[in-house]
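To be precise, the following lines are upload.json, and they hold JSON, C-alpha atoms.
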[["chain", "number", "residue", "atom", "x", "y", "z"],
["A", 105, "MET", "CA", 121.16, 210.96, 182.54],
["A", 106, "SER", "CA", 117.66, 210.21, 181.31],
["A", 107, "LYS", "CA", 115.06, 212.94, 181.03],
["A", 108, "ILE", "CA", 112.80, 213.57, 184.04],
["A", 109, "LYS", "CA", 109.10, 213.16, 183.24],
["A", 110, "VAL", "CA", 105.76, 213.28, 185.07],
["A", 111, "GLY", "CA", 105.43, 210.36, 187.51],
["A", 112, "ASP", "CA", 109.18, 209.96, 188.12],
["A", 113, "LEU", "CA", 110.65, 209.83, 191.61],
["A", 114, "VAL", "CA", 113.25, 212.51, 192.28],
["A", 115, "ARG", "CA", 115.47, 213.75, 195.11],
["A", 116, "VAL", "CA", 115.42, 217.44, 195.94],
["A", 117, "LEU", "CA", 118.90, 218.97, 196.18],
["A", 118, "ILE", "CA", 118.00, 221.51, 198.86],
["A", 119, "VAL", "CA", 119.34, 221.27, 202.42],
["A", 120, "GLY", "CA", 116.66, 219.92, 204.78],
["A", 121, "MET", "CA", 114.53, 218.21, 202.11],
["A", 122, "ASP", "CA", 114.33, 214.48, 202.89],
["A", 123, "GLY", "CA", 112.99, 211.56, 200.93],
["A", 124, "TYR", "CA", 111.69, 211.14, 197.44],
["A", 125, "TYR", "CA", 109.22, 213.36, 195.65],
["A", 126, "THR", "CA", 106.96, 212.53, 192.71],
["A", 127, "VAL", "CA", 106.92, 214.81, 189.67],
["A", 128, "ASP", "CA", 103.29, 215.92, 189.22],
["A", 129, "GLU", "CA", 103.61, 218.58, 186.55],
["A", 130, "ILE", "CA", 106.23, 220.20, 184.33],
["A", 131, "ASN", "CA", 105.87, 223.82, 183.16],
["A", 132, "GLU", "CA", 108.80, 224.99, 181.04],
["A", 133, "ASN", "CA", 111.65, 225.18, 183.63],
["A", 134, "THR", "CA", 109.54, 224.62, 186.76],
["A", 135, "TYR", "CA", 108.81, 221.18, 188.17],
["A", 136, "LYS", "CA", 105.84, 220.70, 190.52],
["A", 137, "LEU", "CA", 106.61, 217.95, 193.06],
["A", 138, "SER", "CA", 104.71, 216.25, 195.88],
["A", 139, "GLN", "CA", 105.52, 213.92, 198.75],
["A", 140, "SER", "CA", 102.79, 212.05, 200.63],
["A", 141, "TYR", "CA", 103.02, 211.30, 204.32],
["A", 142, "SER", "CA", 101.90, 207.91, 205.59],
["A", 143, "GLY", "CA", 102.25, 208.72, 209.28],
["A", 144, "MET", "CA", 105.99, 208.07, 209.77],
["A", 145, "SER", "CA", 108.49, 210.61, 208.52],
["A", 146, "THR", "CA", 111.95, 209.73, 207.17],
["A", 147, "ARG", "CA", 113.39, 210.95, 210.49],
["A", 148, "GLY", "CA", 111.32, 208.46, 212.49],
["A", 149, "HIS", "CA", 108.72, 210.85, 213.94],
["A", 150, "PHE", "CA", 105.10, 209.78, 213.98],
["A", 151, "SER", "CA", 102.92, 212.47, 212.42],
["A", 152, "GLY", "CA", 99.51, 210.83, 212.76],
["A", 153, "LYS", "CA", 97.27, 209.42, 210.09],
["A", 154, "GLY", "CA", 96.34, 211.91, 207.45],
["A", 155, "SER", "CA", 96.45, 212.65, 203.79],
["A", 156, "TYR", "CA", 98.86, 215.58, 203.95],
["A", 157, "LYS", "CA", 100.97, 216.10, 200.84],
["A", 158, "HIS", "CA", 104.05, 218.31, 200.86],
["A", 159, "GLN", "CA", 104.29, 220.21, 197.56],
["A", 160, "LEU", "CA", 107.16, 222.12, 195.97],
["A", 161, "GLU", "CA", 107.87, 224.00, 192.77],
["A", 162, "VAL", "CA", 111.56, 223.89, 191.86],
["A", 163, "PRO", "CA", 113.80, 224.41, 188.81],
["A", 164, "ILE", "CA", 115.46, 221.40, 187.11],
["A", 165, "GLU", "CA", 118.81, 222.34, 188.69],
["A", 166, "LYS", "CA", 117.41, 221.52, 192.16],
["A", 167, "ILE", "CA", 116.31, 217.93, 191.46],
["A", 168, "LYS", "CA", 117.96, 214.63, 190.57],
["A", 169, "LYS", "CA", 116.22, 211.54, 189.19],
["A", 170, "ALA", "CA", 116.12, 208.68, 191.73]]
What would the structure in this file look like if it were written as structure tokens?
Amino acid sequence: MSKIKVGDLVRVLIVGMDGYYTVDEINENTYKLSQSYSGMSTRGHFSGKGSYKHQLEVPIEKIKKA
């Protein structure tokens, strides 16, 4: 498996987390991720037009490179 770096797309291995996240920052063992919403969620619900970004901080064990 290749090393995960800033800008990579990853999947979060936590129940209930859908879609791909972008790696924004890496601090030792913590990865800061974000997922933008374009109005339609991965479950098909319309969430309006906005610039909301879901952000997470997770350890390497909880993510997998896409």
I want to know what sits within 7 Å of His158 (chain A), based on all atoms listed in the file, with residues of the same chain fewer than 3 positions away left out; could you give that as a PDB file with C-alpha atoms, in the frame of the given file?
ATOM      1  CA  SER A 138     104.710 216.250 195.880  1.00  0.00           C
ATOM      2  CA  GLN A 139     105.520 213.920 198.750  1.00  0.00           C
ATOM      3  CA  SER A 140     102.790 212.050 200.630  1.00  0.00           C
TER       4      SER A 140
END
Residues within 12 Å of (108.1, 226.8, 181.9), counting all atoms listed in the file, listed as an MDAnalysis selection string: chainID A and resid 129:136 161:164
Separation of CA of Lys109 (chain A) from CA of Tyr125 (chain A) in Å: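 CA of Lys109 (chain A) lies 12.4 Å from CA of Tyr125 (chain A).
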Do you know which residues lie at most 12 Å from (121.5, 217.4, 197.8), with coordinates as in the file and only C-alpha atoms counted, and could you write them as a compact mmCIF listing (two decimals) with C-alpha atoms, keeping the file's coordinate frame?
# COMPACT_ATOMS: atom_id res chain seq x y z
CA VAL A 114 113.25 212.51 192.28
CA ARG A 115 115.47 213.75 195.11
CA VAL A 116 115.42 217.44 195.94
CA LEU A 117 118.90 218.97 196.18
CA ILE A 118 118.00 221.51 198.86
CA VAL A 119 119.34 221.27 202.42
CA GLY A 120 116.66 219.92 204.78
CA MET A 121 114.53 218.21 202.11
CA ASP A 122 114.33 214.48 202.89
CA GLY A 123 112.99 211.56 200.93
CA TYR A 124 111.69 211.14 197.44
CA GLU A 165 118.81 222.34 188.69
CA LYS A 166 117.41 221.52 192.16
CA ILE A 167 116.31 217.93 191.46
CA LYS A 168 117.96 214.63 190.57
CA LYS A 169 116.22 211.54 189.19
CA ALA A 170 116.12 208.68 191.73
